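The structure file protein28.csv is reproduced below (CSV, C-alpha atoms and all ligand atoms).
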chain,number,residue,atom,x,y,z
A,1,MET,CA,144.1,-12.2,119.2
A,2,SER,CA,142.9,-9.2,117.3
A,3,ASP,CA,140.5,-9.5,114.4
A,4,LEU,CA,142.6,-7.4,112.2
A,5,LYS,CA,143.6,-9.0,108.9
A,6,ASN,CA,147.2,-9.1,107.9
A,7,LEU,CA,147.1,-7.7,104.3
A,8,ARG,CA,150.1,-9.9,103.4
A,9,ASP,CA,147.9,-13.0,104.0
A,10,LEU,CA,145.7,-12.1,101.1
A,11,THR,CA,146.0,-13.0,97.4
A,12,LEU,CA,145.1,-10.4,94.9
A,13,PRO,CA,141.5,-11.7,94.4
A,14,GLU,CA,141.1,-11.7,98.2
A,15,LEU,CA,142.3,-8.1,98.5
A,16,GLU,CA,140.0,-7.1,95.7
A,17,GLU,CA,137.1,-8.7,97.6
A,18,LEU,CA,138.1,-6.7,100.7
A,19,ALA,CA,138.2,-3.4,98.6
A,20,VAL,CA,134.7,-4.2,97.3
A,21,LYS,CA,133.5,-4.8,100.9
A,22,LEU,CA,135.0,-1.4,101.9
A,23,ASP,CA,133.2,0.2,99.0
A,24,GLU,CA,136.3,1.0,97.1
A,25,PRO,CA,137.2,0.3,93.4
A,26,ILE,CA,139.0,-2.9,92.6
A,27,SER,CA,141.8,-0.9,90.9
A,28,ARG,CA,142.8,0.4,94.4
A,29,ALA,CA,143.3,-3.1,95.6
A,30,GLN,CA,145.6,-3.9,92.6
A,31,GLN,CA,147.6,-0.8,93.3
A,32,LEU,CA,147.9,-1.6,97.0
A,33,PHE,CA,148.8,-5.3,96.3
A,34,SER,CA,151.8,-4.3,94.2
A,35,ARG,CA,152.9,-1.9,96.9
A,36,LEU,CA,152.8,-4.6,99.6
A,37,TYR,CA,155.6,-6.5,97.8
A,38,ARG,CA,157.9,-3.5,96.9
A,39,PRO,CA,160.6,-2.7,99.4
A,40,LEU,CA,159.4,-1.9,102.8
A,41,PRO,CA,156.0,-0.3,103.0
A,42,ASN,CA,155.5,-1.6,106.5
A,43,SER,CA,152.9,0.9,107.6
A,44,PHE,CA,150.0,2.6,106.0
A,45,CYS,CA,151.6,6.0,106.5
A,46,GLN,CA,154.5,5.0,104.2
A,47,MET,CA,152.1,4.2,101.4
A,48,HIS,CA,152.2,7.2,99.2
A,49,ASN,CA,150.1,7.4,96.1
A,50,ILE,CA,147.4,5.3,97.6
A,51,SER,CA,144.0,6.9,98.3
A,52,LYS,CA,144.0,8.3,101.9
A,53,LYS,CA,140.4,7.4,102.2
A,54,PHE,CA,141.1,3.8,101.3
A,55,LEU,CA,144.0,3.6,103.7
A,56,ALA,CA,141.9,5.0,106.5
A,57,LYS,CA,139.3,2.3,105.9
A,58,LEU,CA,142.0,-0.4,105.8
A,59,ASN,CA,143.5,0.9,109.0
A,60,GLU,CA,140.2,0.0,110.8
A,61,VAL,CA,140.2,-3.6,109.7
A,62,SER,CA,143.8,-4.6,108.8
A,63,PHE,CA,147.5,-4.2,109.3
A,64,ILE,CA,150.7,-5.0,107.3
A,65,GLY,CA,152.6,-7.8,109.0
A,66,GLU,CA,156.4,-8.0,109.0
A,67,MET,CA,158.9,-10.8,109.7
A,68,LYS,CA,161.1,-10.4,112.7
A,69,LEU,CA,164.7,-11.8,112.3
A,70,GLN,CA,165.9,-13.5,115.4
A,71,GLN,CA,169.3,-14.7,114.2
A,72,LYS,CA,171.4,-14.9,111.1
A,73,GLU,CA,174.4,-17.2,110.6
A,74,MET,CA,176.7,-17.6,107.7
A,75,SER,CA,178.4,-20.8,106.8
A,76,ARG,CA,182.0,-21.2,105.6
A,77,ASP,CA,180.6,-22.0,102.2
A,78,GLY,CA,178.5,-18.8,101.9
A,79,THR,CA,175.2,-20.4,102.9
A,80,THR,CA,173.2,-18.2,105.2
A,81,LYS,CA,170.6,-19.4,107.7
A,82,TYR,CA,167.9,-17.0,108.9
A,83,ALA,CA,165.9,-17.8,112.0
A,84,PHE,CA,162.6,-15.8,112.3
A,85,ILE,CA,160.6,-15.4,115.4
A,86,LEU,CA,156.9,-15.4,114.8
A,87,THR,CA,154.4,-13.3,116.7
A,88,ASP,CA,153.5,-16.2,119.0
A,89,GLY,CA,157.2,-17.0,119.7
A,90,ASN,CA,157.5,-20.0,117.4
A,91,ILE,CA,160.6,-20.1,115.3
A,92,ILE,CA,161.1,-20.9,111.6
A,93,GLU,CA,164.2,-21.0,109.5
A,94,SER,CA,165.1,-20.2,105.9
A,95,VAL,CA,168.4,-20.9,104.1
A,96,LEU,CA,169.9,-18.9,101.3
A,97,ILE,CA,172.2,-21.0,99.2
A,98,PRO,CA,174.4,-19.1,96.7
A,99,SER,CA,175.9,-21.3,93.9
A,100,ASN,CA,177.5,-20.3,90.6
A,101,GLY,CA,176.2,-16.8,90.8
A,102,ARG,CA,172.6,-17.9,91.5
A,103,ASN,CA,170.7,-17.7,94.8
A,104,THR,CA,168.4,-20.5,95.9
A,105,LEU,CA,166.2,-19.8,98.9
A,106,CYS,CA,164.9,-22.7,100.9
A,107,ILE,CA,161.8,-21.8,102.9
A,108,SER,CA,159.6,-23.3,105.6
A,109,SER,CA,155.9,-24.0,105.4
A,110,GLN,CA,155.3,-25.0,109.0
A,111,SER,CA,156.9,-24.4,112.3
A,112,GLY,CA,158.1,-28.0,113.2
A,113,CYS,CA,156.7,-30.9,111.4
A,114,ALA,CA,154.1,-33.7,112.1
A,115,MET,CA,155.3,-36.2,109.5
A,116,GLY,CA,157.7,-38.0,111.9
A,117,CYS,CA,160.4,-39.0,109.4
A,118,LYS,CA,162.7,-41.0,111.6
A,119,PHE,CA,165.9,-39.5,110.2
A,120,CYS,CA,165.0,-35.8,110.2
A,121,LEU,CA,165.9,-33.4,112.9
A,122,THR,CA,162.9,-31.1,112.3
A,123,SER,CA,160.7,-34.1,113.2
A,124,THR,CA,162.3,-34.2,116.7
A,125,MET,CA,160.9,-30.8,117.6
A,126,GLY,CA,157.4,-32.0,116.8
A,127,PHE,CA,154.7,-30.0,115.1
A,128,LYS,CA,154.1,-26.4,116.3
A,129,ARG,CA,151.8,-24.9,113.7
A,130,ASN,CA,151.0,-24.2,110.1
A,131,LEU,CA,152.5,-21.0,108.7
A,132,GLN,CA,150.2,-18.3,107.4
A,133,PRO,CA,150.7,-17.2,103.7
A,134,SER,CA,152.3,-14.0,105.0
A,135,GLU,CA,154.8,-16.0,107.0
A,136,ILE,CA,155.7,-18.1,104.0
A,137,VAL,CA,156.0,-15.2,101.6
A,138,GLY,CA,157.5,-13.1,104.3
A,139,GLN,CA,160.7,-15.2,104.3
A,140,VAL,CA,161.1,-14.5,100.6
A,141,LEU,CA,160.2,-10.8,101.0
A,142,PHE,CA,162.6,-10.2,103.9
A,143,ILE,CA,165.6,-11.9,102.2
A,144,ALA,CA,164.8,-10.4,98.8
A,145,ASN,CA,164.8,-7.0,100.3
A,146,GLU,CA,168.0,-7.6,102.1
A,147,LEU,CA,169.8,-8.9,99.0
A,148,LYS,CA,168.6,-6.0,97.0
A,149,SER,CA,169.7,-3.4,99.4
A,150,ASN,CA,173.1,-5.0,100.1
A,151,LYS,CA,174.4,-6.0,96.8
A,152,ASN,CA,171.5,-5.3,94.4
A,153,ASN,CA,171.2,-9.1,94.2
A,154,TYR,CA,168.1,-11.2,94.0
A,155,ILE,CA,166.6,-14.7,94.6
A,156,ASN,CA,166.7,-16.9,91.5
A,157,ASN,CA,164.9,-20.0,92.9
A,158,ILE,CA,162.6,-20.8,95.7
A,159,VAL,CA,162.4,-24.3,97.2
A,160,PHE,CA,159.9,-25.5,99.8
A,161,MET,CA,162.5,-27.7,101.5
A,162,GLY,CA,162.8,-26.0,104.9
A,163,MET,CA,160.8,-26.9,108.0
A,164,GLY,CA,157.5,-28.6,107.6
A,165,GLU,CA,155.4,-30.5,105.0
A,166,PRO,CA,154.0,-27.9,102.5
A,167,LEU,CA,151.2,-30.2,101.4
A,168,ALA,CA,150.0,-30.7,105.0
A,169,ASN,CA,149.5,-26.9,105.0
A,170,TYR,CA,148.0,-27.0,101.5
A,171,ASP,CA,145.7,-23.9,101.4
A,172,ASN,CA,148.2,-21.5,102.9
A,173,THR,CA,151.0,-22.9,100.7
A,174,LEU,CA,148.9,-22.5,97.6
A,175,LYS,CA,148.0,-18.9,98.6
A,176,ALA,CA,151.6,-18.1,99.2
A,177,ILE,CA,152.6,-19.6,95.8
A,178,ASN,CA,149.9,-17.5,94.3
A,179,ILE,CA,151.4,-14.3,95.8
A,180,LEU,CA,154.9,-15.4,94.9
A,181,GLN,CA,153.8,-15.9,91.3
A,182,ASP,CA,151.6,-12.9,90.8
A,183,GLU,CA,153.3,-10.4,88.6
A,184,LYS,CA,152.0,-7.6,90.9
A,185,GLY,CA,153.2,-9.7,93.9
A,186,LEU,CA,156.8,-11.1,93.8
A,187,GLY,CA,156.6,-12.2,90.1
A,188,PHE,CA,158.4,-15.6,90.3
A,189,SER,CA,157.6,-17.8,87.3
A,190,ASP,CA,156.3,-21.3,88.2
A,191,ARG,CA,159.6,-22.7,86.9
A,192,LYS,CA,161.5,-21.0,89.7
A,193,ILE,CA,159.5,-22.6,92.5
A,194,THR,CA,159.9,-26.2,93.7
A,195,VAL,CA,157.6,-27.8,96.3
A,196,SER,CA,159.1,-30.8,98.0
A,197,THR,CA,156.8,-33.4,99.7
A,198,CYS,CA,157.1,-36.6,101.7
A,199,GLY,CA,154.2,-37.9,99.6
A,200,ILE,CA,150.8,-36.5,100.5
A,201,THR,CA,149.6,-38.2,97.3
A,202,PRO,CA,146.1,-36.8,96.9
A,203,LYS,CA,147.4,-33.2,96.9
A,204,ILE,CA,150.4,-33.6,94.6
A,205,MET,CA,148.6,-33.6,91.3
A,206,GLU,CA,146.2,-30.9,92.4
A,207,LEU,CA,149.0,-28.6,93.4
A,208,ALA,CA,150.9,-29.3,90.1
A,209,LYS,CA,147.8,-28.6,88.0
A,210,ILE,CA,146.7,-25.5,89.8
A,211,SER,CA,150.0,-23.8,90.3
A,212,GLY,CA,152.4,-25.3,87.7
A,213,VAL,CA,155.3,-25.3,90.1
A,214,ASN,CA,158.0,-28.0,90.1
A,215,ILE,CA,157.4,-31.0,92.3
A,216,ALA,CA,160.1,-32.8,94.3
A,217,ILE,CA,159.3,-36.1,96.0
A,218,SER,CA,161.2,-37.3,99.0
A,219,LEU,CA,161.2,-41.0,98.1
A,220,HIS,CA,164.1,-42.4,100.1
A,221,ALA,CA,163.1,-46.0,99.7
A,222,VAL,CA,161.7,-48.3,97.0
A,223,ASP,CA,160.0,-51.0,99.1
A,224,GLU,CA,157.0,-50.4,101.3
A,225,GLU,CA,158.5,-51.9,104.4
A,226,THR,CA,161.7,-49.8,104.4
A,227,ARG,CA,159.8,-46.7,103.5
A,228,THR,CA,157.2,-47.2,106.3
A,229,GLU,CA,160.0,-47.8,108.8
A,230,ILE,CA,161.8,-44.5,108.0
A,231,MET,CA,158.8,-42.4,106.9
A,232,PRO,CA,155.6,-43.3,108.8
A,233,ILE,CA,153.5,-41.3,106.3
A,234,ASN,CA,154.0,-44.3,104.0
A,235,LYS,CA,151.3,-46.2,106.0
A,236,LYS,CA,148.7,-43.6,105.0
A,237,TYR,CA,150.0,-42.9,101.5
A,238,PRO,CA,151.8,-46.1,100.3
A,239,LEU,CA,154.7,-46.1,98.0
A,240,GLN,CA,152.8,-47.9,95.2
A,241,ASP,CA,150.2,-45.0,95.0
A,242,LEU,CA,153.0,-42.4,95.3
A,243,LEU,CA,154.8,-44.0,92.3
A,244,SER,CA,151.5,-44.1,90.3
A,245,CYS,CA,151.0,-40.4,91.1
A,246,CYS,CA,154.6,-39.7,89.9
A,247,SER,CA,153.9,-41.6,86.7
A,248,GLU,CA,150.7,-39.6,86.1
A,249,LEU,CA,152.5,-36.4,86.9
A,250,SER,CA,155.4,-37.1,84.6
A,251,ALA,CA,153.0,-38.1,81.8
A,252,ASN,CA,150.7,-35.0,82.2
A,253,GLN,CA,153.1,-32.3,82.9
A,254,GLN,CA,155.7,-30.9,80.7
A,255,ARG,CA,157.9,-30.6,83.7
A,256,GLN,CA,160.5,-33.0,85.1
A,257,ILE,CA,159.8,-34.4,88.6
A,258,LEU,CA,162.7,-34.2,91.1
A,259,ILE,CA,163.2,-37.5,93.0
A,260,GLU,CA,165.1,-37.1,96.3
A,261,TYR,CA,166.7,-40.2,97.7
A,262,ILE,CA,168.8,-40.0,100.8
A,263,LEU,CA,171.5,-42.7,101.0
A,264,PHE,CA,171.4,-44.4,104.4
A,265,LYS,CA,174.2,-46.8,105.2
A,266,GLY,CA,173.0,-50.4,105.2
A,267,ILE,CA,169.3,-49.4,104.8
A,268,ASN,CA,168.6,-48.4,101.2
A,269,ASP,CA,172.0,-48.1,99.5
A,270,SER,CA,172.6,-51.6,98.1
A,271,GLU,CA,173.1,-52.4,94.5
A,272,ALA,CA,169.8,-54.2,94.5
A,273,ASP,CA,168.1,-51.1,95.9
A,274,ALA,CA,169.6,-49.0,93.0
A,275,THR,CA,168.4,-51.5,90.4
A,276,LYS,CA,164.9,-51.5,92.0
A,277,LEU,CA,164.9,-47.7,92.1
A,278,ALA,CA,165.9,-47.6,88.4
A,279,GLU,CA,163.1,-50.0,87.5
A,280,ALA,CA,160.5,-48.2,89.6
A,281,LEU,CA,161.2,-44.9,87.8
A,282,GLU,CA,161.5,-46.4,84.4
A,283,GLY,CA,159.9,-44.2,81.7
A,284,PHE,CA,159.4,-41.3,84.2
A,285,ASN,CA,160.4,-37.8,83.2
A,286,CYS,CA,162.5,-37.3,86.3
A,287,LYS,CA,165.8,-36.2,87.7
A,288,ILE,CA,167.2,-38.1,90.7
A,289,ASN,CA,169.0,-36.3,93.5
A,290,LEU,CA,171.0,-38.7,95.7
A,291,ILE,CA,171.5,-37.0,99.0
A,292,PRO,CA,174.3,-38.0,101.4
A,293,TYR,CA,172.6,-38.3,104.8
A,294,ASN,CA,173.5,-35.5,107.2
A,295,GLU,CA,174.2,-37.4,110.4
A,296,HIS,CA,173.2,-36.2,113.9
A,297,PRO,CA,174.2,-37.6,117.2
A,298,ALA,CA,170.5,-37.8,118.3
A,299,LEU,CA,169.6,-40.0,115.4
A,300,PRO,CA,170.8,-43.5,114.6
A,301,TYR,CA,171.2,-43.2,110.8
A,302,GLN,CA,174.6,-43.1,109.0
A,303,GLN,CA,175.8,-41.7,105.7
A,304,SER,CA,176.7,-44.2,103.0
A,305,THR,CA,180.3,-44.2,102.0
A,306,PRO,CA,181.3,-42.2,98.9
A,307,GLU,CA,182.2,-45.5,97.1
A,308,VAL,CA,178.7,-46.9,97.7
A,309,ALA,CA,177.1,-43.6,96.6
A,310,SER,CA,179.0,-43.5,93.4
A,311,LYS,CA,178.2,-47.2,92.6
A,312,PHE,CA,174.6,-46.4,93.3
A,313,MET,CA,174.7,-43.5,91.0
A,314,ASP,CA,176.4,-45.5,88.2
A,315,ILE,CA,173.6,-48.1,88.3
A,316,LEU,CA,171.0,-45.4,87.9
A,317,CYS,CA,172.9,-43.6,85.1
A,318,LYS,CA,173.5,-46.9,83.2
A,319,ALA,CA,169.7,-47.4,83.4
A,320,GLY,CA,169.3,-44.1,81.6
A,321,HIS,CA,168.3,-41.9,84.6
A,322,LEU,CA,169.6,-38.4,85.0
A,323,THR,CA,171.2,-38.6,88.4
A,324,ILE,CA,173.3,-36.3,90.5
A,325,ILE,CA,174.7,-36.6,94.0
A,326,ARG,CA,173.6,-33.4,95.9
A,327,HIS,CA,176.1,-32.4,98.4
A,328,SER,CA,174.6,-30.5,101.3
A,329,ARG,CA,175.5,-26.9,102.0
A,330,GLY,CA,175.8,-25.1,105.3
A,331,SER,CA,176.2,-28.2,107.5
A,332,ASP,CA,178.6,-26.3,109.9
A,333,ILE,CA,175.7,-24.0,110.9
A,334,SER,CA,173.1,-26.7,110.9
A,335,ALA,CA,171.5,-25.3,107.7
A,336,ALA,CA,171.8,-28.5,105.6
A,337,CYS,CA,168.9,-30.7,104.6
A,338,GLY,CA,167.0,-32.1,107.6
A,339,GLN,CA,169.1,-30.0,110.1
A,340,LEU,CA,166.5,-27.3,110.6
A,341,ALA,CA,165.2,-27.4,114.1
A,342,SER,CA,164.8,-24.6,116.6
A,343,LYS,CA,166.7,-25.1,119.8
A,344,GLU,CA,163.8,-23.8,121.8
A,345,LYS,CA,161.5,-26.5,123.1
B,1,LIG,N1,158.4,-32.3,104.1
B,1,LIG,C1,159.0,-32.0,102.8
B,1,LIG,C2,159.8,-30.8,102.8
B,1,LIG,C3,161.1,-30.9,103.6
B,1,LIG,S1,162.4,-31.0,102.4
B,1,LIG,C4,159.6,-33.3,102.3
B,1,LIG,O1,159.7,-34.2,103.0
B,1,LIG,O2,160.0,-33.3,101.1
B,1,LIG,C5,163.7,-31.5,103.3
B,1,LIG,C6,164.4,-32.6,102.6
B,1,LIG,O3,165.6,-33.0,103.3
B,1,LIG,C7,163.6,-33.9,102.4
B,1,LIG,O4,163.8,-34.6,101.3
B,1,LIG,C8,164.0,-34.7,103.6
B,1,LIG,O5,163.7,-36.0,103.5
B,1,LIG,C9,165.5,-34.4,103.6
B,1,LIG,N2,166.2,-34.7,104.9
B,1,LIG,C10,165.7,-34.7,106.1
B,1,LIG,N3,166.7,-35.0,107.0
B,1,LIG,C11,167.8,-35.1,106.3
B,1,LIG,C12,169.1,-35.4,106.7
B,1,LIG,N4,169.5,-35.6,107.9
B,1,LIG,N5,170.1,-35.5,105.7
B,1,LIG,C13,169.7,-35.3,104.4
B,1,LIG,N6,168.5,-35.0,104.0
B,1,LIG,C14,167.5,-34.9,104.9
Same coordinates, now as structure tokens:
Amino acid sequence: MSDLKNLRDLTLPELEELAVKLDEPISRAQQLFSRLYRPLPNSFCQMHNISKKFLAKLNEVSFIGEMKLQQKEMSRDGTTKYAFILTDGNIIESVLIPSNGRNTLCISSQSGCAMGCKFCLTSTMGFKRNLQPSEIVGQVLFIANELKSNKNNYINNIVFMGMGEPLANYDNTLKAINILQDEKGLGFSDRKITVSTCGITPKIMELAKISGVNIAISLHAVDEETRTEIMPINKKYPLQDLLSCCSELSANQQRQILIEYILFKGINDSEADATKLAEALEGFNCKINLIPYNEHPALPYQQSTPEVASKFMDILCKAGHLTIIRHSRGSDISAACGQLASKEK
């Protein structure tokens, strides 16, 4: 491994620190930072208007990393899945979901995942490694550039709902969010970014406070036993604490929390479960997304019937909860929720 720094791993304050170390004014770092996120300066020689002396010094200690596309597949419904091959051969995936003239980009925070959710295909590939900030931001940058050059289109929302658990890669996720939010970086407002977590409770409030992004919680069950069975992380961070954290979050933040609840046939989809869920979330400023389970032959879980799902939703709505059934997109190309897993072992 070379000791050269990838400049796209650095937040603006970090780049300023580097400039100071190289005996250069901070303003040069600001100028450089904004160039790193405009279309395609992928080498120092393409960086016009930046001091040649500064670039020569940077060339000694750093490089500008790029994402390498391995494969791109488009679903019948217009959803596009991008597989990127990382410099060490690991694969990550991102999914672009166009809907009503808006583009949502679902990005990965890790290659593979260590959380071991029993129903999720990403879990079956195991944990490969954390992504660097440049690899998280790089997915957005690559796809934003492609959209811009093809149709002069852009990304409206970013969701951390691809491979991996963002809060298990906390520092790099936070740096990536910082770069995505920075006006000189990609300039996404905090309202346009949603981080989904399986419930790493101690980090949830911290992330919400520091970054202001939207938080989505993969709840999926309202009793400890069922949740531990399908999501082993519940042993370490029990449901009760997760719900307290959600309550605090919903009281402290002006923002609605998104509660994700996959409906599994015969496991968490009874009327009693719906009532219990409604009670557990009473008084929370939240929106509930009921997600029909995407079945996979390698996994034993089944999707609830549409009748059961709509009954479940009725109970939540009657209890006053804003609830929708979120239909997955891109399932024909394995781009839907929980279907991201590289085929390479
Ligand atoms: N680790 C984070 C980010 C992944 S988001 C988290 O757990 O929130 C991916 C979402 O898809 C999560 O809510 C996950 O529980 C859900 N999911 C996983 N497998 C699924 C499947 N087969 N069908 C529907 N949703 C699934």
Next item on the list: Using only C-alpha atoms, give me every residue within 8 Å of (173.9, -29.9, 114.9) in file coordinates, as an MDAnalysis selection string.
Entry: chainID A and resid 296 331:334 339
Notebook entry, point to check: Suppose you want the space between CA of Gly338 (chain A) and CA of Ala208 (chain A); what is it in Å?
Noted result: 23.9 Å
Item checked: Residues within 10 Å of Leu263 (chain A), all atoms listed in the file, excluding chain neighbours under 6 positions, as a VMD selection string -> chain A and resid 220 to 221 269 to 270 290 to 294 301 to 305 308 to 309 312 325
Notebook entry, point to check: Skipping near chain neighbours, those fewer than 3 positions away, what residues fall within 8 Å of region 153-163 of chain A using only C-alpha atoms, listed as a PyMOL selection string?
Noted result: chain A and resi 92-95+102-113+122+144+147-150+166+192-196+337-338+340-341
Got time to write the residues from that selection, C-alpha atoms, as a PDB file, keeping the file's coordinate frame?
ATOM      1  CA  ILE A  92     161.100 -20.900 111.600  1.00  0.00           C
ATOM      2  CA  GLU A  93     164.200 -21.000 109.500  1.00  0.00           C
ATOM      3  CA  SER A  94     165.100 -20.200 105.900  1.00  0.00           C
ATOM      4  CA  VAL A  95     168.400 -20.900 104.100  1.00  0.00           C
ATOM      5  CA  ARG A 102     172.600 -17.900  91.500  1.00  0.00           C
ATOM      6  CA  ASN A 103     170.700 -17.700  94.800  1.00  0.00           C
ATOM      7  CA  THR A 104     168.400 -20.500  95.900  1.00  0.00           C
ATOM      8  CA  LEU A 105     166.200 -19.800  98.900  1.00  0.00           C
ATOM      9  CA  CYS A 106     164.900 -22.700 100.900  1.00  0.00           C
ATOM     10  CA  ILE A 107     161.800 -21.800 102.900  1.00  0.00           C
ATOM     11  CA  SER A 108     159.600 -23.300 105.600  1.00  0.00           C
ATOM     12  CA  SER A 109     155.900 -24.000 105.400  1.00  0.00           C
ATOM     13  CA  GLN A 110     155.300 -25.000 109.000  1.00  0.00           C
ATOM     14  CA  SER A 111     156.900 -24.400 112.300  1.00  0.00           C
ATOM     15  CA  GLY A 112     158.100 -28.000 113.200  1.00  0.00           C
ATOM     16  CA  CYS A 113     156.700 -30.900 111.400  1.00  0.00           C
ATOM     17  CA  THR A 122     162.900 -31.100 112.300  1.00  0.00           C
ATOM     18  CA  ALA A 144     164.800 -10.400  98.800  1.00  0.00           C
ATOM     19  CA  LEU A 147     169.800  -8.900  99.000  1.00  0.00           C
ATOM     20  CA  LYS A 148     168.600  -6.000  97.000  1.00  0.00           C
ATOM     21  CA  SER A 149     169.700  -3.400  99.400  1.00  0.00           C
ATOM     22  CA  ASN A 150     173.100  -5.000 100.100  1.00  0.00           C
ATOM     23  CA  PRO A 166     154.000 -27.900 102.500  1.00  0.00           C
ATOM     24  CA  LYS A 192     161.500 -21.000  89.700  1.00  0.00           C
ATOM     25  CA  ILE A 193     159.500 -22.600  92.500  1.00  0.00           C
ATOM     26  CA  THR A 194     159.900 -26.200  93.700  1.00  0.00           C
ATOM     27  CA  VAL A 195     157.600 -27.800  96.300  1.00  0.00           C
ATOM     28  CA  SER A 196     159.100 -30.800  98.000  1.00  0.00           C
ATOM     29  CA  CYS A 337     168.900 -30.700 104.600  1.00  0.00           C
ATOM     30  CA  GLY A 338     167.000 -32.100 107.600  1.00  0.00           C
ATOM     31  CA  LEU A 340     166.500 -27.300 110.600  1.00  0.00           C
ATOM     32  CA  ALA A 341     165.200 -27.400 114.100  1.00  0.00           C
TER      33      ALA A 341
END
Checklist line | Exercise: Thr275 (chain A) partners within 12 Å, all atoms listed in the file, chain neighbours under 3 positions left out, as an MDAnalysis selection string | finding: chainID A and resid 222 268:272 278:282 311:321
Item checked: Shell of 12 Å around Lys21 (chain A), only C-alpha atoms, local chain residues under 4 positions omitted, as JSON, numbers by chain -> {"A": [14, 15, 16, 17, 25, 26, 29, 54, 57, 58, 61]}
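For Thr124 (chain A), the set of protein, DNA and RNA residues having any atom at most 10 Å away, when counting all atoms listed in the file and skipping those fewer than 6 positions along the same chain, is Gly112, Cys113, Ala114, Gly116, Cys117, Lys118, Ala298, Leu299, Ala341 and Ser342 of chain A.
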Margin query: Between A:Glu248, A:Glu135, A:Glu24, A:Glu165, which residue has the minimum interatomic distance to ligand LIG 1 (chain B), considering all atoms listed in the file?
Written below: A:Glu165
